[in-house]
>>> print(open('upload19.txt').read())   # compact mmCIF, C-alpha atoms
# COMPACT_ATOMS: atom_id res chain seq x y z
CA MET A 1013 105.06 67.88 84.19
CA ALA A 1014 102.24 70.36 84.62
CA ASN A 1015 98.82 69.42 83.30
CA LYS A 1016 98.54 71.36 80.02
CA LEU A 1017 94.76 71.20 79.90
CA LEU A 1018 94.58 72.77 83.36
CA LEU A 1019 97.01 75.53 82.36
CA ILE A 1020 95.00 76.30 79.21
CA THR A 1021 91.73 76.36 81.18
CA ILE A 1022 93.17 78.70 83.79
CA PHE A 1023 94.62 80.92 81.08
CA ILE A 1024 91.23 81.16 79.34
CA PHE A 1025 89.40 82.02 82.58
CA ASP A 1026 92.01 84.65 83.46
CA LEU A 1027 91.85 86.08 79.93
CA ILE A 1028 88.06 86.36 80.17
CA ALA A 1029 88.38 88.05 83.58
CA PHE A 1030 90.93 90.50 82.16
CA GLY A 1031 88.72 91.28 79.16
CA LEU A 1032 85.68 91.86 81.35
CA ALA A 1033 87.66 94.17 83.65
CA VAL A 1034 88.90 96.21 80.68
CA ALA A 1035 85.35 96.37 79.29
CA ALA A 1036 84.10 97.53 82.69
CA GLU A 1037 86.66 100.34 82.69
CA GLN A 1038 85.52 101.41 79.23
CA ARG A 1039 81.81 101.32 80.13
CA ARG A 1040 81.78 102.69 83.68
CA SER A 1041 78.85 104.89 84.62
CA THR A 1042 78.86 108.61 84.12
CA GLY A 1043 76.42 111.02 85.69
CA ARG A 1044 75.16 114.40 84.67
CA VAL A 1045 72.87 116.96 86.23
CA HIS A 1046 69.46 117.17 84.63
CA LEU A 1047 67.57 120.45 84.96
CA ASP A 1048 63.82 120.10 85.36
CA ASN A 1049 62.43 123.58 84.77
CA GLU A 1050 58.84 122.42 85.09
CA ASN A 1051 59.12 121.27 88.72
CA ASN A 1052 61.98 123.63 89.59
CA TYR A 1053 64.65 121.11 90.70
CA ASN A 1054 67.89 119.46 89.59
CA TYR A 1055 68.69 115.75 89.79
CA CYS A 1056 71.32 113.30 88.57
CA VAL A 1057 70.86 111.13 85.50
CA TYR A 1058 73.19 108.16 84.99
CA ASP A 1059 73.87 106.26 81.81
CA SER A 1060 74.11 102.48 81.38
CA ASP A 1061 75.10 100.37 84.38
CA ILE A 1062 76.67 97.51 82.38
CA ALA A 1063 80.12 98.05 83.94
CA THR A 1064 78.88 96.64 87.24
CA GLY A 1065 77.96 93.37 85.53
CA TYR A 1066 81.29 93.25 83.74
CA GLY A 1067 83.14 93.89 87.00
CA VAL A 1068 81.23 91.17 88.85
CA GLY A 1069 81.85 88.78 85.94
CA ALA A 1070 85.58 89.51 86.06
CA PHE A 1071 85.51 89.00 89.83
CA LEU A 1072 83.83 85.60 89.47
CA PHE A 1073 86.03 84.34 86.61
CA LEU A 1074 89.18 85.33 88.48
CA MET A 1075 87.90 83.65 91.64
CA LEU A 1076 87.03 80.50 89.68
CA SER A 1077 90.50 80.30 88.17
CA GLN A 1078 92.10 80.77 91.59
CA VAL A 1079 89.93 78.05 93.11
CA ILE A 1080 90.83 75.64 90.30
CA ILE A 1081 94.56 76.32 90.53
CA MET A 1082 94.54 75.97 94.32
CA ALA A 1083 92.50 72.77 94.17
CA ALA A 1084 94.86 71.31 91.59
CA SER A 1085 97.89 72.16 93.71
CA ARG A 1086 96.15 71.23 96.96
CA CYS A 1087 96.69 74.81 98.10
CA PHE A 1088 100.39 74.01 98.45
CA CYS A 1089 99.98 72.86 102.05
CA CYS A 1090 97.99 69.62 101.76
CA GLY A 1091 99.30 66.33 100.50
CA LYS A 1092 102.70 64.75 100.94
CA PRO A 1093 105.56 67.10 101.74
CA MET A 1094 107.97 68.04 98.99
CA SER A 1095 111.71 67.73 99.35
CA PRO A 1096 113.71 70.96 99.46
CA SER A 1097 114.68 72.17 96.01
CA GLY A 1098 114.88 75.28 93.90
CA SER A 1099 111.50 74.53 92.35
CA ARG A 1100 109.90 74.29 95.78
CA ALA A 1101 111.40 77.60 96.90
CA CYS A 1102 110.24 79.24 93.68
CA ALA A 1103 106.77 77.71 94.11
CA VAL A 1104 106.50 79.12 97.66
CA ILE A 1105 107.43 82.61 96.52
CA LEU A 1106 105.06 82.44 93.55
CA PHE A 1107 102.28 81.04 95.77
CA LEU A 1108 102.49 84.03 98.12
CA THR A 1109 102.81 86.51 95.26
CA CYS A 1110 99.84 84.94 93.49
CA TRP A 1111 97.66 85.36 96.55
CA VAL A 1112 98.71 88.98 97.08
CA PHE A 1113 97.94 89.87 93.46
CA PHE A 1114 94.68 87.92 93.61
CA ILE A 1115 93.47 89.72 96.74
CA ILE A 1116 94.35 93.14 95.31
CA ALA A 1117 92.59 92.34 92.02
CA GLU A 1118 89.48 91.05 93.78
CA ILE A 1119 89.31 94.10 96.05
CA CYS A 1120 89.65 96.46 93.09
CA LEU A 1121 87.01 94.64 91.04
CA LEU A 1122 84.54 94.27 93.89
CA ALA A 1123 84.93 97.83 95.18
CA ALA A 1124 84.68 99.26 91.68
CA SER A 1125 81.56 97.22 90.92
CA VAL A 1126 79.86 98.30 94.13
CA ARG A 1127 80.82 101.95 93.67
CA ASN A 1128 79.75 101.90 90.02
CA ALA A 1129 76.31 100.59 91.00
CA TYR A 1130 75.78 103.37 93.56
CA HIS A 1131 73.87 106.38 92.26
CA THR A 1132 72.88 109.47 94.20
CA LYS A 1133 69.10 109.80 94.34
CA TYR A 1134 68.54 113.21 95.86
CA MET A 1135 67.22 116.37 94.26
CA ARG A 1136 67.97 120.02 94.89
CA ASN A 1137 65.98 123.13 94.26
CA PHE A 1138 66.73 124.99 91.08
CA ASN A 1139 68.25 127.99 92.86
CA GLU A 1140 70.58 125.86 95.06
CA ARG A 1141 73.95 124.42 94.13
CA PRO A 1142 73.46 121.45 91.73
CA PRO A 1143 73.78 117.94 93.20
CA SER A 1144 77.06 116.10 92.86
CA CYS A 1145 76.62 113.17 90.49
CA GLU A 1146 79.40 111.04 91.95
CA THR A 1147 80.74 108.17 89.89
CA ILE A 1148 83.62 105.78 90.22
CA ARG A 1149 87.06 107.25 89.73
CA LYS A 1150 88.72 106.49 86.42
CA GLY A 1151 91.23 103.65 86.63
CA VAL A 1152 89.83 101.46 89.42
CA PHE A 1153 88.59 98.79 87.02
CA ALA A 1154 91.87 99.22 85.11
CA ALA A 1155 93.84 98.51 88.29
CA GLY A 1156 91.71 95.40 88.79
CA ALA A 1157 92.46 94.38 85.19
CA ALA A 1158 96.19 94.91 85.69
CA PHE A 1159 96.27 92.83 88.85
CA THR A 1160 94.14 90.20 87.12
CA LEU A 1161 96.82 89.96 84.46
CA PHE A 1162 99.56 89.77 87.12
CA THR A 1163 97.61 87.04 88.91
CA ALA A 1164 97.23 85.10 85.66
CA ILE A 1165 100.95 85.19 84.89
CA VAL A 1166 102.09 84.38 88.41
CA SER A 1167 99.54 81.58 88.91
CA GLU A 1168 100.67 79.88 85.70
CA PHE A 1169 104.31 80.01 86.82
CA TYR A 1170 103.29 78.90 90.30
CA TYR A 1171 101.58 75.78 89.01
CA ILE A 1172 104.51 74.92 86.74
CA SER A 1173 106.98 75.32 89.65
CA TYR A 1174 104.69 73.37 91.94
CA SER A 1175 104.45 70.52 89.41
CA ARG A 1176 108.21 70.41 89.00
CA ALA A 1177 108.72 70.32 92.76
CA ARG A 1178 106.01 67.67 93.21
CA ASN A 1179 107.49 65.43 90.49
CA GLY A 1180 111.05 65.85 91.74
CA ASN A 1181 112.31 67.85 88.73
CA PHE A 1182 114.70 70.46 89.98
>>> encode(input="upload19.txt", output="C-alpha cells")
Amino acid sequence: MANKLLLITIFIFDLIAFGLAVAAEQRRSTGRVHLDNENNYNYCVYDSDIATGYGVGAFLFLMLSQVIIMAASRCFCCGKPMSPSGSRACAVILFLTCWVFFIIAEICLLAASVRNAYHTKYMRNFNERPPSCETIRKGVFAAGAAFTLFTAIVSEFYYISYSRARNGNF
C-alpha cells in the first residue's frame, strides 16, 4: 500500500503552495500615477511587492512536492517493470496528467511572479499623456493556484495507483 507519511507530506506541501498562490493573487501589486507638481512630471507608484515572494514560495513548494513524489515513484520509468494491470494503466494516465498540470501551474506561478516584480520606471512631463502603470492581469496567480490544486489531487491518486501496481494489487 502507499506510504501514508509520504502522502501526508505531499498533501501538506501542496496545500502550502496553494495557500501561497491564493495569497499572491490577493496581494498582487497595483500601480497608480503620482502627480509631482513641483518638478512638473508624472510617474508610477506601486504598492507592496509581497505577491512576488508568495508566488515564488508557491513555485518552490509545488516543485518540492513534485520532486518528492517522483523520487518516491522512481519517476515511473526506473526500477523493475510492472506487469500489465488496470492500476498500471491508471498510473500511466495519472502520471502524464500530473506532469501537464504541474508544468502549467509552474508556468503560471513563475510568469506571474516575474511580471508582478516588474515596475515601469519612466516619467512623463505633466502636459503629456500619463504613464501606463502596468501590473499583472487579475487571475494569473489564481490560475496557478487552481492548477496547483489539480496537481495535488492528481499526484496523490498517481502515487496510490503506482503503489497498487508496484505491489501487484489490481
>>> closest_atom_pairs(input="upload19.txt", of="stretch 1038-1126 of chain A", to="stretch 1155-1173 of chain A", cutoff="6 Å", atoms="only C-alpha atoms", output="Markdown table")
| residue | atom | partner | partner_atom | distance |
| --- | --- | --- | --- | --- |
| A:Ser1099 | CA | A:Ser1173 | CA | 5.3 |
| A:Ala1103 | CA | A:Ser1173 | CA | 5.1 |
| A:Leu1106 | CA | A:Tyr1170 | CA | 5.1 |
| A:Phe1107 | CA | A:Tyr1170 | CA | 6.0 |
| A:Cys1110 | CA | A:Thr1163 | CA | 5.5 |
| A:Phe1113 | CA | A:Thr1163 | CA | 5.4 |
| A:Phe1114 | CA | A:Thr1163 | CA | 5.6 |
| A:Ala1117 | CA | A:Gly1156 | CA | 4.5 |
| A:Cys1120 | CA | A:Gly1156 | CA | 4.9 |
| A:Leu1121 | CA | A:Gly1156 | CA | 5.3 |
>>> closest_residue(input="upload19.txt", among="A:Ser1097, A:Ser1175, A:Gln1038, A:Asn1015", to="A:Thr1064", atoms="all atoms listed in the file")
A:Gln1038
>>> closest_residue(input="upload19.txt", among="A:Arg1127, A:Arg1149, A:Lys1016, A:Arg1040", to="A:Ser1060", atoms="all atoms listed in the file")
A:Arg1040
>>> closest_residue(input="upload19.txt", among="A:Leu1018, A:Val1112, A:Ala1129, A:Val1152", to="A:Ala1083", atoms="only C-alpha atoms")
A:Leu1018
>>> atom_distance(input="upload19.txt", atom1="atom CA of A:Glu1037", atom2="atom CA of A:Tyr1066")
9.0 Å
>>> atom_distance(input="upload19.txt", atom1="atom CA of A:Ile1028", atom2="atom CA of A:Val1068")
12.0 Å
>>> residues_around(input="upload19.txt", residues="A:Cys1089", least_positions_apart="4", cutoff="12 Å", atoms="all atoms listed in the file", output="PyMOL selection string")
chain A and resi 1082-1085+1093-1094+1100+1103-1104+1107+1174+1178
>>> residues_near_point(input="upload19.txt", point="(91.5, 81.8, 81.4)", cutoff="10 Å", atoms="all atoms listed in the file", output="list in words")
Leu1018, Leu1019, Ile1020, Thr1021, Ile1022, Phe1023, Ile1024, Phe1025, Asp1026, Leu1027, Ile1028, Ala1029, Phe1030, Phe1073, Leu1074, Leu1076, Ser1077 and Ala1164 of chain A
>>> closest_residue(input="upload19.txt", among="A:Leu1108, A:Ile1116, A:Ala1035, A:Val1079", to="A:Gly1067", atoms="all atoms listed in the file")
A:Ala1035
>>> atom_distance(input="upload19.txt", atom1="atom CA of A:Met1075", atom2="atom CA of A:Ala1101")
24.8 Å
>>> closest_residue(input="upload19.txt", among="A:Ala1070, A:Pro1096, A:Lys1150, A:Cys1090", to="A:Ile1119", atoms="all atoms listed in the file")
A:Ala1070
>>> residues_around(input="upload19.txt", residues="A:Gly1065", least_positions_apart="5", cutoff="10 Å", atoms="only C-alpha atoms", output="PDB file with C-alpha atoms, in the coordinates of the input")
ATOM      1  CA  LEU A1032      85.680  91.860  81.350  1.00  0.00           C
ATOM      2  CA  ALA A1033      87.660  94.170  83.650  1.00  0.00           C
ATOM      3  CA  ALA A1036      84.100  97.530  82.690  1.00  0.00           C
ATOM      4  CA  ALA A1070      85.580  89.510  86.060  1.00  0.00           C
ATOM      5  CA  PHE A1071      85.510  89.000  89.830  1.00  0.00           C
ATOM      6  CA  SER A1125      81.560  97.220  90.920  1.00  0.00           C
ATOM      7  CA  ASN A1128      79.750 101.900  90.020  1.00  0.00           C
ATOM      8  CA  ALA A1129      76.310 100.590  91.000  1.00  0.00           C
TER       9      ALA A1129
END
>>> closest_residue(input="upload19.txt", among="A:Leu1122, A:Ile1080, A:Ala1063, A:Cys1056", to="A:Gly1031", atoms="only C-alpha atoms")
A:Ala1063
>>> decode(input="upload19.txt", residues="stretch 1018-1033 of chain A", atoms="all heavy atoms", output="PDB file, in the first residue's frame")
ATOM      1  N   LEU A1018       4.285   9.702   3.362  1.00  0.00           N
ATOM      2  CA  LEU A1018       4.640  10.407   2.132  1.00  0.00           C
ATOM      3  C   LEU A1018       3.433  11.154   1.572  1.00  0.00           C
ATOM      4  O   LEU A1018       3.550  12.323   1.174  1.00  0.00           O
ATOM      5  CB  LEU A1018       5.184   9.430   1.090  1.00  0.00           C
ATOM      6  CG  LEU A1018       5.517  10.066  -0.255  1.00  0.00           C
ATOM      7  CD1 LEU A1018       6.843  10.800  -0.152  1.00  0.00           C
ATOM      8  CD2 LEU A1018       5.551   9.034  -1.336  1.00  0.00           C
ATOM      9  N   LEU A1019       2.276  10.512   1.560  1.00  0.00           N
ATOM     10  CA  LEU A1019       1.067  11.161   1.049  1.00  0.00           C
ATOM     11  C   LEU A1019       0.686  12.378   1.885  1.00  0.00           C
ATOM     12  O   LEU A1019       0.296  13.413   1.340  1.00  0.00           O
ATOM     13  CB  LEU A1019      -0.086  10.162   1.009  1.00  0.00           C
ATOM     14  CG  LEU A1019       0.006   9.073  -0.048  1.00  0.00           C
ATOM     15  CD1 LEU A1019      -1.115   8.076   0.115  1.00  0.00           C
ATOM     16  CD2 LEU A1019      -0.008   9.676  -1.445  1.00  0.00           C
ATOM     17  N   ILE A1020       0.833  12.282   3.194  1.00  0.00           N
ATOM     18  CA  ILE A1020       0.519  13.418   4.070  1.00  0.00           C
ATOM     19  C   ILE A1020       1.510  14.558   3.837  1.00  0.00           C
ATOM     20  O   ILE A1020       1.125  15.723   3.759  1.00  0.00           O
ATOM     21  CB  ILE A1020       0.503  12.971   5.546  1.00  0.00           C
ATOM     22  CG1 ILE A1020      -0.692  12.053   5.794  1.00  0.00           C
ATOM     23  CG2 ILE A1020       0.471  14.169   6.486  1.00  0.00           C
ATOM     24  CD1 ILE A1020      -0.670  11.364   7.134  1.00  0.00           C
ATOM     25  N   THR A1021       2.791  14.215   3.706  1.00  0.00           N
ATOM     26  CA  THR A1021       3.816  15.240   3.451  1.00  0.00           C
ATOM     27  C   THR A1021       3.559  15.957   2.135  1.00  0.00           C
ATOM     28  O   THR A1021       3.608  17.199   2.069  1.00  0.00           O
ATOM     29  CB  THR A1021       5.218  14.596   3.436  1.00  0.00           C
ATOM     30  OG1 THR A1021       5.435  13.917   4.670  1.00  0.00           O
ATOM     31  CG2 THR A1021       6.301  15.631   3.221  1.00  0.00           C
ATOM     32  N   ILE A1022       3.263  15.199   1.095  1.00  0.00           N
ATOM     33  CA  ILE A1022       2.988  15.800  -0.213  1.00  0.00           C
ATOM     34  C   ILE A1022       1.740  16.673  -0.140  1.00  0.00           C
ATOM     35  O   ILE A1022       1.699  17.769  -0.696  1.00  0.00           O
ATOM     36  CB  ILE A1022       2.823  14.686  -1.283  1.00  0.00           C
ATOM     37  CG1 ILE A1022       4.124  13.922  -1.466  1.00  0.00           C
ATOM     38  CG2 ILE A1022       2.351  15.249  -2.608  1.00  0.00           C
ATOM     39  CD1 ILE A1022       5.291  14.786  -1.840  1.00  0.00           C
ATOM     40  N   PHE A1023       0.722  16.192   0.560  1.00  0.00           N
ATOM     41  CA  PHE A1023      -0.506  16.970   0.704  1.00  0.00           C
ATOM     42  C   PHE A1023      -0.239  18.291   1.413  1.00  0.00           C
ATOM     43  O   PHE A1023      -0.751  19.342   1.010  1.00  0.00           O
ATOM     44  CB  PHE A1023      -1.564  16.159   1.464  1.00  0.00           C
ATOM     45  CG  PHE A1023      -2.839  16.909   1.683  1.00  0.00           C
ATOM     46  CD1 PHE A1023      -3.718  17.130   0.640  1.00  0.00           C
ATOM     47  CD2 PHE A1023      -3.148  17.423   2.939  1.00  0.00           C
ATOM     48  CE1 PHE A1023      -4.893  17.843   0.840  1.00  0.00           C
ATOM     49  CE2 PHE A1023      -4.311  18.129   3.154  1.00  0.00           C
ATOM     50  CZ  PHE A1023      -5.189  18.343   2.097  1.00  0.00           C
ATOM     51  N   ILE A1024       0.575  18.267   2.456  1.00  0.00           N
ATOM     52  CA  ILE A1024       0.894  19.500   3.199  1.00  0.00           C
ATOM     53  C   ILE A1024       1.672  20.474   2.316  1.00  0.00           C
ATOM     54  O   ILE A1024       1.366  21.672   2.285  1.00  0.00           O
ATOM     55  CB  ILE A1024       1.652  19.168   4.495  1.00  0.00           C
ATOM     56  CG1 ILE A1024       0.709  18.489   5.485  1.00  0.00           C
ATOM     57  CG2 ILE A1024       2.267  20.426   5.114  1.00  0.00           C
ATOM     58  CD1 ILE A1024       1.385  17.931   6.715  1.00  0.00           C
ATOM     59  N   PHE A1025       2.668  19.984   1.581  1.00  0.00           N
ATOM     60  CA  PHE A1025       3.432  20.866   0.687  1.00  0.00           C
ATOM     61  C   PHE A1025       2.532  21.469  -0.394  1.00  0.00           C
ATOM     62  O   PHE A1025       2.633  22.659  -0.704  1.00  0.00           O
ATOM     63  CB  PHE A1025       4.592  20.120   0.032  1.00  0.00           C
ATOM     64  CG  PHE A1025       5.765  19.891   0.936  1.00  0.00           C
ATOM     65  CD1 PHE A1025       6.717  18.950   0.616  1.00  0.00           C
ATOM     66  CD2 PHE A1025       5.939  20.603   2.101  1.00  0.00           C
ATOM     67  CE1 PHE A1025       7.809  18.723   1.433  1.00  0.00           C
ATOM     68  CE2 PHE A1025       7.022  20.397   2.931  1.00  0.00           C
ATOM     69  CZ  PHE A1025       7.958  19.451   2.598  1.00  0.00           C
ATOM     70  N   ASP A1026       1.657  20.655  -0.969  1.00  0.00           N
ATOM     71  CA  ASP A1026       0.748  21.161  -1.995  1.00  0.00           C
ATOM     72  C   ASP A1026      -0.253  22.148  -1.415  1.00  0.00           C
ATOM     73  O   ASP A1026      -0.603  23.141  -2.062  1.00  0.00           O
ATOM     74  CB  ASP A1026       0.019  20.007  -2.683  1.00  0.00           C
ATOM     75  CG  ASP A1026       0.925  19.206  -3.601  1.00  0.00           C
ATOM     76  OD1 ASP A1026       1.942  19.759  -4.068  1.00  0.00           O
ATOM     77  OD2 ASP A1026       0.615  18.031  -3.861  1.00  0.00           O
ATOM     78  N   LEU A1027      -0.706  21.901  -0.195  1.00  0.00           N
ATOM     79  CA  LEU A1027      -1.629  22.824   0.464  1.00  0.00           C
ATOM     80  C   LEU A1027      -0.947  24.162   0.748  1.00  0.00           C
ATOM     81  O   LEU A1027      -1.555  25.228   0.558  1.00  0.00           O
ATOM     82  CB  LEU A1027      -2.155  22.200   1.751  1.00  0.00           C
ATOM     83  CG  LEU A1027      -3.291  22.933   2.447  1.00  0.00           C
ATOM     84  CD1 LEU A1027      -4.526  22.967   1.563  1.00  0.00           C
ATOM     85  CD2 LEU A1027      -3.609  22.250   3.766  1.00  0.00           C
ATOM     86  N   ILE A1028       0.300  24.123   1.167  1.00  0.00           N
ATOM     87  CA  ILE A1028       1.052  25.369   1.392  1.00  0.00           C
ATOM     88  C   ILE A1028       1.231  26.115   0.077  1.00  0.00           C
ATOM     89  O   ILE A1028       1.054  27.339   0.006  1.00  0.00           O
ATOM     90  CB  ILE A1028       2.413  25.070   2.054  1.00  0.00           C
ATOM     91  CG1 ILE A1028       2.212  24.587   3.491  1.00  0.00           C
ATOM     92  CG2 ILE A1028       3.312  26.303   2.036  1.00  0.00           C
ATOM     93  CD1 ILE A1028       3.470  24.047   4.142  1.00  0.00           C
ATOM     94  N   ALA A1029       1.579  25.387  -0.986  1.00  0.00           N
ATOM     95  CA  ALA A1029       1.740  26.024  -2.303  1.00  0.00           C
ATOM     96  C   ALA A1029       0.432  26.659  -2.760  1.00  0.00           C
ATOM     97  O   ALA A1029       0.423  27.789  -3.280  1.00  0.00           O
ATOM     98  CB  ALA A1029       2.225  25.000  -3.328  1.00  0.00           C
ATOM     99  N   PHE A1030      -0.672  25.965  -2.568  1.00  0.00           N
ATOM    100  CA  PHE A1030      -1.982  26.511  -2.945  1.00  0.00           C
ATOM    101  C   PHE A1030      -2.290  27.774  -2.144  1.00  0.00           C
ATOM    102  O   PHE A1030      -2.726  28.784  -2.696  1.00  0.00           O
ATOM    103  CB  PHE A1030      -3.066  25.451  -2.728  1.00  0.00           C
ATOM    104  CG  PHE A1030      -4.456  25.950  -3.005  1.00  0.00           C
ATOM    105  CD1 PHE A1030      -4.902  26.137  -4.298  1.00  0.00           C
ATOM    106  CD2 PHE A1030      -5.322  26.232  -1.954  1.00  0.00           C
ATOM    107  CE1 PHE A1030      -6.182  26.601  -4.550  1.00  0.00           C
ATOM    108  CE2 PHE A1030      -6.605  26.691  -2.192  1.00  0.00           C
ATOM    109  CZ  PHE A1030      -7.037  26.878  -3.500  1.00  0.00           C
ATOM    110  N   GLY A1031      -2.066  27.722  -0.834  1.00  0.00           N
ATOM    111  CA  GLY A1031      -2.321  28.889   0.009  1.00  0.00           C
ATOM    112  C   GLY A1031      -1.461  30.090  -0.371  1.00  0.00           C
ATOM    113  O   GLY A1031      -1.947  31.219  -0.395  1.00  0.00           O
ATOM    114  N   LEU A1032      -0.203  29.837  -0.680  1.00  0.00           N
ATOM    115  CA  LEU A1032       0.669  30.941  -1.095  1.00  0.00           C
ATOM    116  C   LEU A1032       0.230  31.529  -2.433  1.00  0.00           C
ATOM    117  O   LEU A1032       0.305  32.751  -2.645  1.00  0.00           O
ATOM    118  CB  LEU A1032       2.120  30.462  -1.179  1.00  0.00           C
ATOM    119  CG  LEU A1032       2.815  30.221   0.158  1.00  0.00           C
ATOM    120  CD1 LEU A1032       4.173  29.568  -0.066  1.00  0.00           C
ATOM    121  CD2 LEU A1032       2.962  31.508   0.936  1.00  0.00           C
ATOM    122  N   ALA A1033      -0.219  30.682  -3.350  1.00  0.00           N
ATOM    123  CA  ALA A1033      -0.682  31.183  -4.651  1.00  0.00           C
ATOM    124  C   ALA A1033      -1.952  32.017  -4.494  1.00  0.00           C
ATOM    125  O   ALA A1033      -2.100  33.067  -5.144  1.00  0.00           O
ATOM    126  CB  ALA A1033      -0.918  30.017  -5.608  1.00  0.00           C
TER     127      ALA A1033
END
